[in-house]
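Engineer: Please find one structure pasted underneath; my questions will follow.
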Amino acid sequence: MFEIRYLHEAPQHFDTVADWIYRQWWQKPGNTAEVVRVPLREHLQAQPLPAAFVALDAEKPIGSVLLIESDGVDALPDLKPWLAALYVLPAYRGQGVGKQLVQALELHALQAGFTDLYLVATDRVSFYYELGWRVYTKLVGKNGITIMHKSMASASA
């Protein structure tokens with residue numbers, strides 16, 4: 001069985017989470033792991049935003065997700081906050097870890113008073129749709145992306 005905790009409650013897993021995020025989304029020529037580590041350090045404080053969650057299986061980190069102010073979508077600067085960097089170790093996928101991470105983040109956002117959440121989906125749109133997220137818009141470009149939205153007002157009803 002696994003549990004979901006705030007990263008600030010399990011800071012010993014900071015390096016693992018930072019490494020996942022770097023390798024999955026930021027590893028490219030000219031970048032170092034510091035491109036992730038510096039902003040992720042802000043998630044080590046107990047606060048509404050930003051916030052980070054880590055899934056643990058007997059204290060072994062198996063997944064993580066972030067709540068951030070902006071996900072760098074220049075065309076939509078007024079939308080906030082954003083679910084970002086949902087990652088689950090391949091051996092644990094399909095076991096509900098991602099779903100529980102998203103639900104923990106949503107509960108945190110609701111308790112913090114956020115009325116809307118957004119995310120960038122390059123794939124896995126159906127996963128989020130099953131969790132009550134809906135397509136907000138699609139942005140065309142070099143890497144076409146889908147922006148998804150979830151109203152926290154409907155989540156609290």
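Numbering starts fresh at 1 for the residues of each chain in the structure tokens, the chains themselves are lettered A, B, ... in the order given, and ligands are numbered from 1 as they appear.
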Tell me which protein, DNA and RNA residues are within 8 Å of range 21-23 of chain A, counting only C-alpha atoms, leaving out same-chain ones fewer than 4 positions away, and put them as a tab-separated table (two decimals) with N, CA and C atoms, in the first residue's frame.

Structural biologist:
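Produced file out-v7.tsv, reproduced below:
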```tsv
chain	number	residue	atom	x	y	z
A	17	VAL	N	12.77	13.38	-6.50
A	17	VAL	CA	11.71	14.09	-7.23
A	17	VAL	C	12.32	15.06	-8.24
A	27	GLN	N	15.66	17.71	-19.29
A	27	GLN	CA	16.99	17.29	-19.70
A	27	GLN	C	17.17	17.53	-21.19
A	33	ALA	N	20.57	19.98	-13.92
A	33	ALA	CA	19.52	19.65	-12.95
A	33	ALA	C	19.13	20.86	-12.11
A	35	VAL	N	18.16	23.63	-13.09
A	35	VAL	CA	16.99	24.27	-13.69
A	35	VAL	C	15.71	23.78	-12.99
A	36	VAL	N	15.76	22.61	-12.39
A	36	VAL	CA	14.64	22.06	-11.63
A	36	VAL	C	14.83	22.29	-10.14
A	85	ALA	N	3.95	18.28	-13.77
A	85	ALA	CA	4.99	17.28	-13.52
A	85	ALA	C	4.48	16.03	-12.80
A	87	TYR	N	4.33	12.43	-12.23
A	87	TYR	CA	5.23	11.34	-12.62
A	87	TYR	C	5.02	10.16	-11.68
```

Engineer: Would you please extract all helix (DSSP H, G or I) residues from range 1-150 of chain A, as assigned by DSSP on the backbone, and give them as a ChimeraX atom specification?

Structural biologist: /A:7-9,11-26,34-44,90-92,97-111,125-130

Engineer: Out of A:Ala18, A:Leu7, A:Val102, A:Val73, which residue has the shortest atom-to-atom distance to Gln47 in chain A when counting only C-alpha atoms?

Structural biologist: A:Leu7

Engineer: Pick out the closest residue to Met152 in chain A from this set: A:Gln24, A:Thr32, A:Gln45, A:Thr115. Count only C-alpha atoms.

Structural biologist: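 Ranked by minimum distance to Met152 in chain A, first place goes to A:Thr115.
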
Engineer: If you run DSSP over the backbone, which residues in chain A end up strand (DSSP E or B)? Put them as a ChimeraX atom specification.

Structural biologist: /A:2-6,51-57,60-68,82-88,116-121,134-139,145-151

Engineer: For the selection you just gave me, I'd like the residues written to a file as a CSV table (one decimal), in the first residue's frame, keeping N, CA and C atoms.

Structural biologist:
```csv
chain,number,residue,atom,x,y,z
A,2,PHE,N,0.4,2.3,-0.6
A,2,PHE,CA,1.2,3.5,-0.7
A,2,PHE,C,0.5,4.6,-0.1
A,3,GLU,N,1.3,5.7,0.3
A,3,GLU,CA,0.7,6.9,0.9
A,3,GLU,C,1.1,8.1,0.1
A,4,ILE,N,0.4,9.2,0.2
A,4,ILE,CA,0.7,10.4,-0.4
A,4,ILE,C,1.0,11.4,0.7
A,5,ARG,N,2.2,12.1,0.6
A,5,ARG,CA,2.6,13.1,1.5
A,5,ARG,C,3.1,14.3,0.8
A,6,TYR,N,3.0,15.5,1.5
A,6,TYR,CA,3.7,16.7,1.0
A,6,TYR,C,5.2,16.4,1.0
A,51,ALA,N,3.2,23.9,-4.1
A,51,ALA,CA,3.1,22.7,-3.3
A,51,ALA,C,3.5,21.5,-4.1
A,52,ALA,N,4.1,20.5,-3.4
A,52,ALA,CA,4.5,19.3,-4.0
A,52,ALA,C,4.1,18.1,-3.2
A,53,PHE,N,3.8,17.0,-3.9
A,53,PHE,CA,3.3,15.8,-3.2
A,53,PHE,C,4.2,14.6,-3.7
A,54,VAL,N,4.5,13.7,-2.8
A,54,VAL,CA,5.2,12.5,-3.2
A,54,VAL,C,4.4,11.3,-2.8
A,55,ALA,N,4.4,10.3,-3.6
A,55,ALA,CA,3.8,9.0,-3.3
A,55,ALA,C,4.9,8.1,-2.8
A,56,LEU,N,4.6,7.4,-1.7
A,56,LEU,CA,5.6,6.5,-1.1
A,56,LEU,C,5.0,5.1,-0.9
A,57,ASP,N,5.9,4.2,-1.2
A,57,ASP,CA,5.6,2.7,-1.0
A,57,ASP,C,6.6,2.3,0.1
A,60,LYS,N,9.6,4.4,0.1
A,60,LYS,CA,10.3,4.5,-1.2
A,60,LYS,C,9.4,5.4,-2.1
A,61,PRO,N,10.1,6.5,-2.6
A,61,PRO,CA,9.3,7.3,-3.5
A,61,PRO,C,9.0,6.6,-4.8
A,62,ILE,N,7.7,6.7,-5.2
A,62,ILE,CA,7.2,6.1,-6.4
A,62,ILE,C,6.5,7.0,-7.4
A,63,GLY,N,6.3,8.3,-7.0
A,63,GLY,CA,5.6,9.2,-7.8
A,63,GLY,C,5.5,10.6,-7.2
A,64,SER,N,5.2,11.6,-8.0
A,64,SER,CA,5.1,13.0,-7.5
A,64,SER,C,4.3,13.8,-8.4
A,65,VAL,N,3.9,15.0,-7.9
A,65,VAL,CA,3.1,15.9,-8.6
A,65,VAL,C,3.3,17.3,-8.0
A,66,LEU,N,3.2,18.3,-8.8
A,66,LEU,CA,3.4,19.7,-8.3
A,66,LEU,C,2.1,20.6,-8.5
A,67,LEU,N,1.9,21.5,-7.7
A,67,LEU,CA,0.9,22.6,-7.9
A,67,LEU,C,1.8,23.9,-8.0
A,68,ILE,N,1.7,24.5,-9.1
A,68,ILE,CA,2.5,25.7,-9.4
A,68,ILE,C,1.7,26.9,-9.9
A,82,TRP,N,-1.6,25.7,-11.6
A,82,TRP,CA,-1.5,24.6,-12.5
A,82,TRP,C,-1.0,23.3,-11.8
A,83,LEU,N,-1.6,22.2,-12.2
A,83,LEU,CA,-1.1,20.9,-11.9
A,83,LEU,C,0.1,20.6,-12.9
A,84,ALA,N,1.2,20.2,-12.4
A,84,ALA,CA,2.4,20.0,-13.3
A,84,ALA,C,3.2,18.8,-12.8
A,85,ALA,N,3.9,18.3,-13.8
A,85,ALA,CA,5.0,17.3,-13.5
A,85,ALA,C,4.5,16.0,-12.8
A,86,LEU,N,3.3,15.5,-13.2
A,86,LEU,CA,2.8,14.3,-12.6
A,86,LEU,C,3.7,13.2,-13.2
A,87,TYR,N,4.3,12.4,-12.2
A,87,TYR,CA,5.2,11.3,-12.6
A,87,TYR,C,5.0,10.2,-11.7
A,88,VAL,N,4.9,9.0,-12.3
A,88,VAL,CA,4.9,7.7,-11.5
A,88,VAL,C,5.9,6.8,-12.1
A,116,ASP,N,-10.2,27.2,-9.5
A,116,ASP,CA,-10.0,26.5,-10.8
A,116,ASP,C,-8.5,26.0,-10.8
A,117,LEU,N,-8.4,24.9,-11.5
A,117,LEU,CA,-7.0,24.3,-11.7
A,117,LEU,C,-6.9,24.1,-13.2
A,118,TYR,N,-5.6,24.1,-13.7
A,118,TYR,CA,-5.3,23.9,-15.1
A,118,TYR,C,-4.1,23.0,-15.2
A,119,LEU,N,-4.0,22.4,-16.4
A,119,LEU,CA,-2.8,21.5,-16.6
A,119,LEU,C,-2.5,21.5,-18.1
A,120,VAL,N,-1.3,21.2,-18.5
A,120,VAL,CA,-0.9,21.0,-19.9
A,120,VAL,C,-0.8,19.5,-20.1
A,121,ALA,N,-1.6,19.0,-21.1
A,121,ALA,CA,-1.6,17.6,-21.4
A,121,ALA,C,-1.0,17.4,-22.8
A,134,ARG,N,-11.6,18.7,-17.9
A,134,ARG,CA,-12.2,18.9,-19.2
A,134,ARG,C,-11.2,19.8,-20.0
A,135,VAL,N,-11.3,19.6,-21.4
A,135,VAL,CA,-10.5,20.4,-22.3
A,135,VAL,C,-10.9,21.8,-22.2
A,136,TYR,N,-9.9,22.7,-22.0
A,136,TYR,CA,-10.1,24.1,-21.9
A,136,TYR,C,-9.9,24.7,-23.3
A,137,THR,N,-8.7,24.4,-23.9
A,137,THR,CA,-8.4,24.8,-25.2
A,137,THR,C,-7.3,23.9,-25.7
A,138,LYS,N,-7.0,24.0,-27.0
A,138,LYS,CA,-5.9,23.3,-27.7
A,138,LYS,C,-5.0,24.4,-28.3
A,139,LEU,N,-3.8,24.3,-28.1
A,139,LEU,CA,-2.8,25.2,-28.7
A,139,LEU,C,-2.0,24.5,-29.7
A,145,ILE,N,-0.4,21.2,-27.8
A,145,ILE,CA,-0.8,20.8,-26.4
A,145,ILE,C,-2.2,21.0,-26.2
A,146,THR,N,-2.7,20.3,-25.2
A,146,THR,CA,-4.1,20.5,-24.8
A,146,THR,C,-4.0,21.1,-23.4
A,147,ILE,N,-4.8,22.2,-23.2
A,147,ILE,CA,-4.9,22.7,-21.8
A,147,ILE,C,-6.2,22.2,-21.2
A,148,MET,N,-6.1,21.6,-20.0
A,148,MET,CA,-7.3,21.1,-19.4
A,148,MET,C,-7.6,21.9,-18.1
A,149,HIS,N,-8.8,21.9,-17.7
A,149,HIS,CA,-9.3,22.7,-16.6
A,149,HIS,C,-10.2,21.8,-15.7
A,150,LYS,N,-10.2,22.1,-14.4
A,150,LYS,CA,-11.1,21.5,-13.5
A,150,LYS,C,-11.6,22.6,-12.5
A,151,SER,N,-12.9,22.7,-12.4
A,151,SER,CA,-13.5,23.7,-11.5
A,151,SER,C,-13.6,23.1,-10.1
```

Engineer: Would you compute the distance between CA of His8 in chain A and CA of Gly72 in chain A? Give it in Å to one decimal.

Structural biologist: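 Distance reported for this atom pair: 23.7 Å.
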